[in-house]
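K.L.:
Here you go, this is protein-v6.cif (mmCIF, C-alpha atoms).
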data_coords
loop_
_atom_site.label_atom_id
_atom_site.label_comp_id
_atom_site.auth_asym_id
_atom_site.auth_seq_id
_atom_site.Cartn_x
_atom_site.Cartn_y
_atom_site.Cartn_z
CA MET A 24 21.20 30.57 30.36
CA SER A 25 20.70 28.33 33.33
CA TYR A 26 21.25 28.47 37.07
CA TYR A 27 24.88 29.08 38.03
CA PRO A 28 26.42 26.79 40.68
CA LEU A 29 28.42 28.67 43.29
CA THR A 30 32.17 28.14 43.04
CA SER A 31 33.24 30.47 45.84
CA ILE A 32 31.70 32.89 48.28
CA PRO A 33 32.72 36.54 48.41
CA ASP A 34 35.60 37.02 50.86
CA TYR A 35 36.63 40.57 50.07
CA PHE A 36 38.33 41.17 53.44
CA GLY A 37 40.00 37.78 53.89
CA ILE A 38 37.55 36.72 56.58
CA ASP A 39 38.23 33.05 55.86
CA SER A 40 41.61 33.53 57.55
CA LEU A 41 39.75 34.16 60.80
CA LEU A 42 37.92 30.82 60.57
CA THR A 43 39.30 27.49 61.77
CA GLU A 44 39.95 24.50 59.55
CA GLU A 45 36.90 22.87 61.13
CA HIS A 46 34.73 25.85 60.17
CA LEU A 47 35.94 25.67 56.56
CA LEU A 48 35.38 21.91 56.36
CA ILE A 49 31.87 22.26 57.77
CA ARG A 50 31.08 24.99 55.25
CA GLN A 51 32.31 22.93 52.33
CA SER A 52 30.43 19.85 53.49
CA VAL A 53 27.10 21.66 53.82
CA ARG A 54 27.70 23.57 50.58
CA ASP A 55 28.28 20.32 48.69
CA TRP A 56 25.07 18.88 50.14
CA VAL A 57 23.08 21.96 49.16
CA GLU A 58 24.46 21.78 45.61
CA SER A 59 23.62 18.09 45.22
CA PHE A 60 20.41 17.70 47.23
CA ILE A 61 18.66 21.09 47.34
CA MET A 62 19.53 22.98 44.16
CA PRO A 63 18.14 20.39 41.70
CA LYS A 64 14.81 20.30 43.57
CA ILE A 65 14.19 23.73 45.07
CA ASP A 66 12.61 25.56 42.14
CA ASP A 67 10.10 22.76 41.55
CA ALA A 68 9.26 22.61 45.27
CA ALA A 69 8.74 26.38 45.46
CA GLN A 70 6.74 26.51 42.22
CA HIS A 71 4.40 23.72 43.34
CA HIS A 72 4.20 24.71 47.03
CA THR A 73 5.56 21.36 48.23
CA ASP A 74 8.26 20.55 50.73
CA ILE A 75 11.31 18.44 49.84
CA PRO A 76 10.75 14.77 50.75
CA ASN A 77 12.89 13.34 53.54
CA LEU A 78 14.39 16.78 54.21
CA MET A 79 14.69 16.52 57.99
CA LYS A 80 16.43 13.14 57.92
CA GLU A 81 18.84 14.45 55.32
CA LEU A 82 19.54 17.50 57.49
CA GLY A 83 20.12 15.14 60.39
CA ASN A 84 22.53 13.06 58.34
CA ILE A 85 24.76 16.08 57.65
CA GLY A 86 24.66 17.26 61.28
CA ALA A 87 22.64 20.41 60.59
CA LEU A 88 20.09 19.84 63.37
CA GLY A 89 21.14 21.10 66.79
CA PRO A 90 24.86 21.17 65.89
CA TYR A 91 25.72 22.92 69.17
CA ILE A 92 23.80 20.36 71.27
CA PRO A 93 26.15 18.14 73.33
CA GLU A 94 27.15 14.87 71.71
CA GLU A 95 25.64 12.86 74.57
CA TYR A 96 22.20 14.00 73.37
CA GLY A 97 22.82 13.41 69.68
CA GLY A 98 24.30 16.79 68.70
CA SER A 99 27.77 17.53 67.38
CA GLY A 100 28.93 19.82 70.20
CA LEU A 101 30.02 22.50 67.72
CA ASP A 102 30.53 26.18 68.45
CA GLN A 103 28.23 29.03 67.52
CA ILE A 104 30.21 30.11 64.47
CA SER A 105 29.82 26.59 63.07
CA TYR A 106 26.07 26.85 63.60
CA GLY A 107 26.01 30.18 61.79
CA ILE A 108 28.02 28.84 58.85
CA ILE A 109 25.61 25.92 58.50
CA MET A 110 22.64 28.31 58.46
CA GLN A 111 24.38 30.47 55.82
CA GLU A 112 24.90 27.54 53.48
CA LEU A 113 21.37 26.20 53.98
CA GLU A 114 19.78 29.56 53.21
CA ARG A 115 21.86 29.90 50.08
CA GLY A 116 19.73 26.96 48.99
CA ASP A 117 16.46 28.46 50.26
CA SER A 118 15.10 30.25 53.33
CA ALA A 119 12.61 27.40 53.79
CA ILE A 120 15.47 24.92 54.22
CA ARG A 121 17.21 27.11 56.77
CA SER A 122 13.88 27.74 58.53
CA ALA A 123 13.25 24.02 58.95
CA ALA A 124 16.71 23.50 60.47
CA SER A 125 16.57 26.71 62.50
CA VAL A 126 13.22 25.88 64.09
CA GLN A 127 14.36 22.35 64.91
CA SER A 128 17.66 23.56 66.37
CA SER A 129 17.00 26.88 68.07
CA LEU A 130 13.31 26.73 68.90
CA VAL A 131 12.81 23.07 69.79
CA MET A 132 16.14 21.44 70.69
CA PHE A 133 17.57 24.54 72.37
CA PRO A 134 14.77 24.92 74.96
CA ILE A 135 14.69 21.20 75.71
CA ASN A 136 18.47 21.23 76.22
CA GLU A 137 18.46 24.46 78.26
CA PHE A 138 15.27 24.10 80.27
CA GLY A 139 14.27 20.45 80.05
CA SER A 140 14.69 17.59 82.48
CA GLU A 141 17.30 14.89 81.95
CA GLU A 142 14.50 12.53 80.96
CA GLN A 143 13.19 14.98 78.35
CA LYS A 144 16.66 15.49 76.89
CA LYS A 145 17.25 11.75 76.51
CA LYS A 146 13.76 11.10 75.16
CA PHE A 147 13.60 13.80 72.50
CA LEU A 148 16.98 15.31 71.59
CA PRO A 149 18.64 12.31 69.87
CA HIS A 150 15.59 11.75 67.65
CA LEU A 151 15.37 15.46 66.82
CA ALA A 152 19.10 15.61 66.00
CA ALA A 153 18.73 12.67 63.61
CA GLY A 154 15.68 14.17 61.92
CA GLU A 155 13.67 11.11 62.95
CA MET A 156 11.37 13.46 64.84
CA ILE A 157 10.22 16.89 63.61
CA GLY A 158 9.61 19.75 66.03
CA ALA A 159 7.61 22.98 65.98
CA PHE A 160 7.62 26.06 68.23
CA GLY A 161 4.38 27.56 69.46
CA LEU A 162 4.58 31.21 70.54
CA THR A 163 2.87 33.50 67.98
CA GLU A 164 -0.93 33.54 68.20
CA PRO A 165 -3.70 34.80 65.90
CA ASN A 166 -4.10 37.93 68.04
CA HIS A 167 -0.58 38.28 69.45
CA GLY A 168 2.63 38.41 67.43
CA SER A 169 5.06 41.11 68.56
CA ASP A 170 3.44 41.12 72.02
CA PRO A 171 3.88 37.55 73.28
CA GLY A 172 3.22 38.60 76.87
CA SER A 173 -0.46 38.98 75.97
CA MET A 174 -0.78 35.36 74.80
CA GLU A 175 -4.13 33.72 75.41
CA THR A 176 -3.03 30.06 75.34
CA TYR A 177 -3.30 28.70 78.86
CA PHE A 178 -3.15 25.49 80.85
CA VAL A 179 -4.55 24.41 84.19
CA ASP A 180 -3.39 21.81 86.69
CA LYS A 181 -5.73 18.81 86.79
CA GLY A 182 -3.80 16.78 89.35
CA ASP A 183 -2.14 14.11 87.22
CA HIS A 184 -1.95 16.20 84.03
CA TYR A 185 -2.29 19.70 82.59
CA LEU A 186 -5.25 20.73 80.43
CA LEU A 187 -4.11 22.97 77.56
CA ASN A 188 -6.29 25.29 75.48
CA GLY A 189 -5.52 27.90 72.85
CA ALA A 190 -4.01 28.28 69.38
CA LYS A 191 -0.73 29.26 67.74
CA MET A 192 -0.37 30.62 64.20
CA TRP A 193 2.30 30.96 61.47
CA ILE A 194 4.15 27.90 62.75
CA THR A 195 6.90 26.39 60.59
CA ASN A 196 6.77 22.57 60.49
CA ALA A 197 3.35 22.52 62.23
CA PRO A 198 1.56 20.23 59.75
CA VAL A 199 4.34 17.62 59.91
CA CYS A 200 5.59 18.00 63.48
CA ASP A 201 5.87 15.09 65.89
CA ILE A 202 6.22 17.39 68.90
CA ALA A 203 5.69 21.08 69.59
CA VAL A 204 7.31 23.19 72.30
CA VAL A 205 4.33 25.34 73.27
CA TRP A 206 4.37 28.42 75.48
CA GLY A 207 1.27 29.18 77.51
CA LYS A 208 0.19 30.74 80.79
CA ASN A 209 -0.38 28.76 83.95
CA GLU A 210 -3.12 29.54 86.46
CA ALA A 211 -0.93 32.22 88.03
CA GLY A 212 -0.51 33.92 84.64
CA LYS A 213 3.15 32.89 84.37
CA VAL A 214 4.50 31.72 80.99
CA GLN A 215 5.82 28.16 80.88
CA GLY A 216 6.72 25.68 78.17
CA LEU A 217 5.06 22.34 77.45
CA ILE A 218 6.09 19.57 75.07
CA VAL A 219 2.94 18.59 73.18
CA GLU A 220 3.18 15.33 71.26
CA ARG A 221 1.43 14.31 68.06
CA GLY A 222 -1.45 12.02 68.95
CA PHE A 223 -2.53 13.84 72.09
CA GLU A 224 -6.31 14.04 71.88
CA GLY A 225 -7.53 17.54 70.98
CA PHE A 226 -4.21 18.56 69.34
CA SER A 227 -4.50 19.46 65.64
CA THR A 228 -2.22 21.19 63.13
CA PRO A 229 -4.14 22.63 60.14
CA GLU A 230 -1.92 23.73 57.26
CA THR A 231 -1.69 27.34 56.04
CA HIS A 232 -2.21 27.45 52.28
CA ASN A 233 -1.79 30.03 49.48
CA LYS A 234 1.56 31.44 50.63
CA TRP A 235 3.67 33.50 48.22
CA SER A 236 6.69 33.03 50.49
CA LEU A 237 8.55 30.05 51.98
CA ARG A 238 6.65 27.85 49.57
CA ALA A 239 9.06 24.93 49.97
CA SER A 240 8.16 24.42 53.63
CA LYS A 241 5.05 23.56 55.59
CA THR A 242 3.42 26.28 57.69
CA GLY A 243 0.36 25.86 59.85
CA GLU A 244 -1.41 26.31 63.15
CA LEU A 245 -1.22 24.52 66.49
CA VAL A 246 -4.69 24.15 67.97
CA PHE A 247 -5.30 22.89 71.51
CA ASP A 248 -8.81 21.85 72.51
CA ASN A 249 -8.69 20.49 76.07
CA VAL A 250 -5.41 18.70 75.38
CA LYS A 251 -4.21 16.52 78.25
CA VAL A 252 -0.46 17.05 78.66
CA PRO A 253 1.42 14.73 81.06
CA LYS A 254 3.12 16.61 83.87
CA GLU A 255 6.49 15.19 82.86
CA ASN A 256 6.17 17.19 79.62
CA LEU A 257 6.43 20.55 81.38
CA LEU A 258 9.83 22.22 80.88
CA PRO A 259 10.83 22.45 84.56
CA ASN A 260 13.71 24.90 84.53
CA VAL A 261 12.30 28.20 83.28
CA THR A 262 9.32 30.46 84.03
CA GLY A 263 8.36 33.68 82.29
CA LEU A 264 9.11 35.16 78.88
CA LYS A 265 12.83 34.54 79.40
CA GLY A 266 12.18 31.02 78.09
CA PRO A 267 10.73 31.75 74.66
CA LEU A 268 12.76 34.94 74.19
CA SER A 269 16.04 33.08 74.74
CA CYS A 270 14.95 30.64 72.02
CA LEU A 271 14.25 33.57 69.71
CA ASN A 272 17.70 34.99 70.40
CA SER A 273 19.26 31.74 69.22
CA ALA A 274 17.04 31.64 66.13
CA ARG A 275 17.65 35.31 65.28
CA TYR A 276 21.38 34.70 65.49
CA GLY A 277 21.03 31.86 63.00
CA ILE A 278 18.94 34.05 60.70
CA SER A 279 21.57 36.79 60.71
CA TRP A 280 24.03 34.27 59.25
CA GLY A 281 21.49 32.52 57.06
CA VAL A 282 20.39 35.52 55.03
CA ILE A 283 24.00 36.16 54.01
CA GLY A 284 23.69 32.90 52.08
CA ALA A 285 20.63 34.17 50.20
CA ALA A 286 22.44 37.43 49.40
CA ILE A 287 25.53 35.55 48.20
CA ASP A 288 23.43 33.38 45.89
CA CYS A 289 21.88 36.48 44.31
CA TYR A 290 25.19 38.35 44.06
CA CYS A 291 27.15 35.49 42.48
CA THR A 292 24.39 34.83 39.97
CA ALA A 293 24.11 38.52 39.04
CA LEU A 294 27.89 38.91 38.73
CA GLN A 295 28.29 35.99 36.36
CA TYR A 296 25.21 36.96 34.35
CA ALA A 297 26.46 40.53 34.00
CA LYS A 298 29.79 39.29 32.63
CA GLU A 299 28.10 37.06 30.05
CA ARG A 300 25.12 39.17 28.97
CA LYS A 301 25.95 41.35 25.96
CA GLN A 302 24.14 44.59 25.13
CA PHE A 303 25.27 47.33 22.73
CA GLY A 304 28.27 45.24 21.79
CA LYS A 305 29.74 44.57 25.24
CA SER A 306 28.93 42.84 28.51
CA ILE A 307 26.57 44.70 30.80
CA ALA A 308 29.19 44.32 33.57
CA SER A 309 31.17 47.01 31.74
CA TYR A 310 28.50 49.66 32.37
CA GLN A 311 28.75 51.97 35.38
CA LEU A 312 25.24 51.42 36.73
CA GLN A 313 25.70 47.63 36.87
CA GLN A 314 29.10 47.97 38.48
CA LYS A 315 27.56 50.29 41.06
CA LYS A 316 25.02 47.63 42.00
CA LEU A 317 27.59 44.83 42.14
CA ALA A 318 30.04 46.91 44.17
CA GLU A 319 27.33 47.79 46.68
CA PHE A 320 26.28 44.13 46.93
CA VAL A 321 29.75 42.88 47.82
CA THR A 322 30.23 45.78 50.26
CA GLU A 323 27.04 45.01 52.14
CA ILE A 324 27.74 41.27 52.18
CA THR A 325 31.22 41.91 53.58
CA LYS A 326 29.84 44.16 56.34
CA ALA A 327 27.28 41.49 57.25
CA GLN A 328 29.96 38.79 57.35
CA LEU A 329 32.08 40.81 59.75
CA LEU A 330 29.06 41.60 61.93
CA CYS A 331 28.15 37.91 62.18
CA LEU A 332 31.67 36.72 62.84
CA GLN A 333 32.08 39.05 65.81
CA LEU A 334 28.58 38.18 67.04
CA GLY A 335 29.56 34.52 66.84
CA ASN A 336 32.66 35.22 68.92
CA LEU A 337 30.49 36.97 71.50
CA LYS A 338 28.04 34.05 71.48
CA ASN A 339 30.88 31.58 72.04
CA ASP A 340 31.98 33.65 75.05
CA HIS A 341 28.36 33.95 76.31
CA LYS A 342 28.63 37.74 75.97
CA ALA A 343 26.22 38.46 73.10
CA THR A 344 23.29 40.60 74.21
CA PRO A 345 19.74 40.32 72.86
CA ALA A 346 20.08 43.86 71.49
CA GLN A 347 23.24 42.95 69.57
CA ILE A 348 21.47 39.92 68.08
CA SER A 349 18.51 42.11 67.13
CA MET A 350 20.80 44.54 65.33
CA ALA A 351 22.43 41.77 63.32
CA LYS A 352 19.10 40.18 62.40
CA ARG A 353 17.58 43.49 61.30
CA ASN A 354 20.63 44.73 59.38
CA ASN A 355 21.38 41.49 57.58
CA VAL A 356 17.84 40.67 56.52
CA LYS A 357 17.40 44.19 55.12
CA MET A 358 20.72 43.79 53.31
CA ALA A 359 19.69 40.46 51.79
CA ILE A 360 16.24 41.52 50.63
CA GLU A 361 17.63 44.64 48.97
CA ILE A 362 20.28 42.60 47.16
CA ALA A 363 17.64 40.10 46.02
CA ARG A 364 15.51 42.90 44.58
CA GLU A 365 18.34 44.87 42.97
CA SER A 366 20.09 41.80 41.55
CA ARG A 367 16.84 40.82 39.86
CA GLN A 368 17.07 44.05 37.89
CA ILE A 369 20.51 43.13 36.56
CA LEU A 370 18.96 40.04 34.98
CA GLY A 371 16.07 42.02 33.51
CA GLY A 372 13.19 39.77 32.48
CA MET A 373 15.25 36.64 33.11
CA GLY A 374 15.32 37.62 36.77
CA ILE A 375 11.72 36.53 37.25
CA MET A 376 12.35 33.03 35.90
CA GLY A 377 12.68 29.99 38.12
CA GLU A 378 16.02 29.09 36.58
CA PHE A 379 17.45 31.96 38.60
CA PRO A 380 17.06 32.45 42.37
CA MET A 381 16.30 36.16 42.79
CA MET A 382 12.50 36.21 42.90
CA ARG A 383 12.38 33.12 45.10
CA HIS A 384 14.85 34.60 47.58
CA ALA A 385 13.08 37.99 47.52
CA ALA A 386 9.70 36.39 48.22
CA ASN A 387 11.15 34.25 51.03
CA LEU A 388 12.90 37.20 52.63
CA GLU A 389 9.58 39.05 52.89
CA SER A 390 8.75 36.44 55.55
CA VAL A 391 12.19 36.48 57.15
CA ILE A 392 12.08 40.27 57.59
CA THR A 393 8.82 39.76 59.52
CA TYR A 394 9.25 36.59 61.57
CA GLU A 395 11.40 36.21 64.68
CA GLY A 396 10.74 39.90 65.35
CA THR A 397 9.80 42.36 62.63
CA HIS A 398 12.24 44.91 61.19
CA ASP A 399 10.48 47.71 63.10
CA ILE A 400 10.44 45.82 66.40
CA HIS A 401 14.20 45.22 66.14
CA LEU A 402 14.71 48.91 65.51
CA LEU A 403 12.85 49.65 68.74
CA ILE A 404 14.93 47.07 70.62
CA THR A 405 18.07 48.90 69.50
CA GLY A 406 16.46 52.24 70.31
CA MET A 407 15.58 51.12 73.81
CA ASP A 408 19.09 49.76 74.33
CA ILE A 409 20.84 53.00 73.38
CA THR A 410 18.41 55.45 75.01
CA GLY A 411 17.18 53.47 77.97
CA ILE A 412 13.60 54.38 77.01
CA ASN A 413 11.01 51.75 76.14
CA ALA A 414 9.04 52.87 73.06
CA PHE A 415 6.81 49.78 72.92
#
Would you encode the structure as structure tokens?
P.N.:
Amino acid sequence: MSYYPLTSIPDYFGIDSLLTEEHLLIRQSVRDWVESFIMPKIDDAAQHHTDIPNLMKELGNIGALGPYIPEEYGGSGLDQISYGIIMQELERGDSAIRSAASVQSSLVMFPINEFGSEEQKKKFLPHLAAGEMIGAFGLTEPNHGSDPGSMETYFVDKGDHYLLNGAKMWITNAPVCDIAVVWGKNEAGKVQGLIVERGFEGFSTPETHNKWSLRASKTGELVFDNVKVPKENLLPNVTGLKGPLSCLNSARYGISWGVIGAAIDCYCTALQYAKERKQFGKSIASYQLQQKKLAEFVTEITKAQLLCLQLGNLKNDHKATPAQISMAKRNNVKMAIEIARESRQILGGMGIMGEFPMMRHAANLESVITYEGTHDIHLLITGMDITGINAF
């Protein structure tokens, strides 16, 4: 048996009828690209711990980078549901592909568009949207992950420039980035964002090796050793943790859609395999225990689809709260990782082979359930929201 191409996505509750023609066209376009460009390459890239050549320019060509950014800055001016659908289709290919697009869109282009100067928008956004420039996001540090307010990266005013020192860790795109949106503390201890460009003296991006997860993307560090940052590279329109946390809200929203794609890939593969695999004289899909798994998969996928669609409507109306986004991220990633693990069992020993996607998705989702806020942290965000008591 070989890898099964996806012919349709589960739509058990007729959710497609709630999407616009534009949404459906976008989904089909990105799905076709994933089938032709990603699927033939992804197992080899993951097996050999290499990224896919020319990925960012290809993502730019299909409009997957900053799709909600205004057209005047190189984006497509699409709505938030369109962004979610794009993330879903990309992550059906691989979490590393969605991560590359998500970081570029939500963690680099979003803050420049929201908090940057007009000059910064014109200088960086069109090149980022086209994939001609690759961005990274510097928040997590070696000693501070879930507690970004304790960050140690800092910068001081030197008159005609800022002097930046510190380090960031677990950074997607770091080894290949052209710019990094870096969050550090000023002399007053207030968090602000700086655009650090490749080539600034003292700026280095060592790669993180030996990963068992997200093996088809580059991860690394951002290290700042007395880096001179021009004053025009300070994001002028935000101070405090509101800046980086609003970026994370956008990224978490994209993840909540994206992981549905990983779950769909596992479900569709398991369903077709179960129909074709014969044991004891009949297909294993005819046995109760396999039907139980498959029925639970499609139920959980359907619930996640409905959750994301309503969250997208709230996002479009600027009504989505951080706590609602946290709930969707936590629920949907847990759903996807459980489907990846359980669907592997349906395939038995074949489930560990690279011809099938289960083990790759399961390994990737171990990162996704941790980054952009861990599963436990999102539980506490929901807990604080419903009780009014901060348990951090």
K.L.:
Here is a test: counting all atoms listed in the file, which residue of A:Tyr185, A:Tyr177, A:Phe415, A:Trp193 is nearest to A:Lys208?
P.N.:
A:Tyr177
K.L.:
Show which residues sit within 10 Å of A:Ala318, as a list in words. Count all atoms listed in the file, and ignore same-chain residues fewer than 5 positions away.
P.N.:
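Here the qualifying residues turn out to be Tyr290, Leu294, Leu312, Gln313 and Glu323 of chain A.
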K.L.:
Could you make a table, as JSON lines, of the residues of stretch 164-223 of chain A that have an atom within 12 Å of an atom of stretch 377-394 of chain A, each with its nearest atom pair and distance in Å to one decimal, counting only C-alpha atoms, in chain and number order?
P.N.:
{"residue": "A:Gly168", "atom": "CA", "partner": "A:Tyr394", "partner_atom": "CA", "distance": 9.0}
{"residue": "A:Ser169", "atom": "CA", "partner": "A:Tyr394", "partner_atom": "CA", "distance": 9.3}
{"residue": "A:Met192", "atom": "CA", "partner": "A:Tyr394", "partner_atom": "CA", "distance": 11.6}
{"residue": "A:Trp193", "atom": "CA", "partner": "A:Tyr394", "partner_atom": "CA", "distance": 8.9}
{"residue": "A:Ile194", "atom": "CA", "partner": "A:Tyr394", "partner_atom": "CA", "distance": 10.1}
{"residue": "A:Thr195", "atom": "CA", "partner": "A:Tyr394", "partner_atom": "CA", "distance": 10.5}
K.L.:
Given the file above and the PyMOL selection byres ((chain A and resi 87-102) around 10), which residues are selected, and can you give them as a PyMOL selection string?
P.N.:
chain A and resi 45-46+49+53+79-86+103-107+109-110+113+121+123-133+136-137+141+144-154+335-336+338-339
K.L.:
Using all atoms listed in the file, which residues sit within 10 Å of stretch 54-71 of chain A once same-chain residues fewer than 2 positions away are excluded, as number ranges by chain?
P.N.:
A: 26, 28-30, 48-52, 73-76, 78, 81-82, 85, 108-109, 111-117, 119-120, 235-240, 376-380, 383, 387
K.L.:
Okay, now the selection with C-alpha atoms, as a compact mmCIF listing (two decimals), in the frame of the given file?
P.N.:
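Saved the output as again.txt:
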# COMPACT_ATOMS: atom_id res chain seq x y z
CA TYR A 26 21.25 28.47 37.07
CA PRO A 28 26.42 26.79 40.68
CA LEU A 29 28.42 28.67 43.29
CA THR A 30 32.17 28.14 43.04
CA LEU A 48 35.38 21.91 56.36
CA ILE A 49 31.87 22.26 57.77
CA ARG A 50 31.08 24.99 55.25
CA GLN A 51 32.31 22.93 52.33
CA SER A 52 30.43 19.85 53.49
CA THR A 73 5.56 21.36 48.23
CA ASP A 74 8.26 20.55 50.73
CA ILE A 75 11.31 18.44 49.84
CA PRO A 76 10.75 14.77 50.75
CA LEU A 78 14.39 16.78 54.21
CA GLU A 81 18.84 14.45 55.32
CA LEU A 82 19.54 17.50 57.49
CA ILE A 85 24.76 16.08 57.65
CA ILE A 108 28.02 28.84 58.85
CA ILE A 109 25.61 25.92 58.50
CA GLN A 111 24.38 30.47 55.82
CA GLU A 112 24.90 27.54 53.48
CA LEU A 113 21.37 26.20 53.98
CA GLU A 114 19.78 29.56 53.21
CA ARG A 115 21.86 29.90 50.08
CA GLY A 116 19.73 26.96 48.99
CA ASP A 117 16.46 28.46 50.26
CA ALA A 119 12.61 27.40 53.79
CA ILE A 120 15.47 24.92 54.22
CA TRP A 235 3.67 33.50 48.22
CA SER A 236 6.69 33.03 50.49
CA LEU A 237 8.55 30.05 51.98
CA ARG A 238 6.65 27.85 49.57
CA ALA A 239 9.06 24.93 49.97
CA SER A 240 8.16 24.42 53.63
CA MET A 376 12.35 33.03 35.90
CA GLY A 377 12.68 29.99 38.12
CA GLU A 378 16.02 29.09 36.58
CA PHE A 379 17.45 31.96 38.60
CA PRO A 380 17.06 32.45 42.37
CA ARG A 383 12.38 33.12 45.10
CA ASN A 387 11.15 34.25 51.03
K.L.:
In Å, with one decimal, what is the gap from atom CA of A:Glu395 to atom CA of A:Arg275?
P.N.:
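Separation between atom CA of A:Glu395 and atom CA of A:Arg275: 6.3 Å.
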K.L.:
Near A:Thr231, counting only C-alpha atoms, which residues have an atom at most 10 Å away, once you skip same-chain residues fewer than 2 positions from it, shown as an MDAnalysis selection string?
P.N.:
chainID A and resid 192:195 197:198 228:229 233:234 241:244
K.L.:
Take atom CA of A:Gly222 and atom CA of A:Ser140 and report the distance between them in Å, one decimal.
P.N.:
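Spanning atom CA of A:Gly222 to atom CA of A:Ser140 is a straight-line distance of 21.8 Å.
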K.L.:
Specify as an MDAnalysis selection string each residue included when the PyMOL selection byres ((chain A and resi 356) around 8) is applied to this file.
P.N.:
chainID A and resid 278:279 282 352:355 357:360 388 391:392
K.L.:
Counting only C-alpha atoms, which of A:Leu186, A:Met174, A:Ile135, A:Ile412 gets nearest to A:Ala203?
P.N.:
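Under the stated criterion, the closest residue is A:Ile135.
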K.L.:
Translate the PyMOL selection byres ((chain A and resi 404) around 9), as applied to the file shown, into an explicit residue set as a ChimeraX atom specification.
P.N.:
/A:345-346,349-350,399-403,405-409,413-415
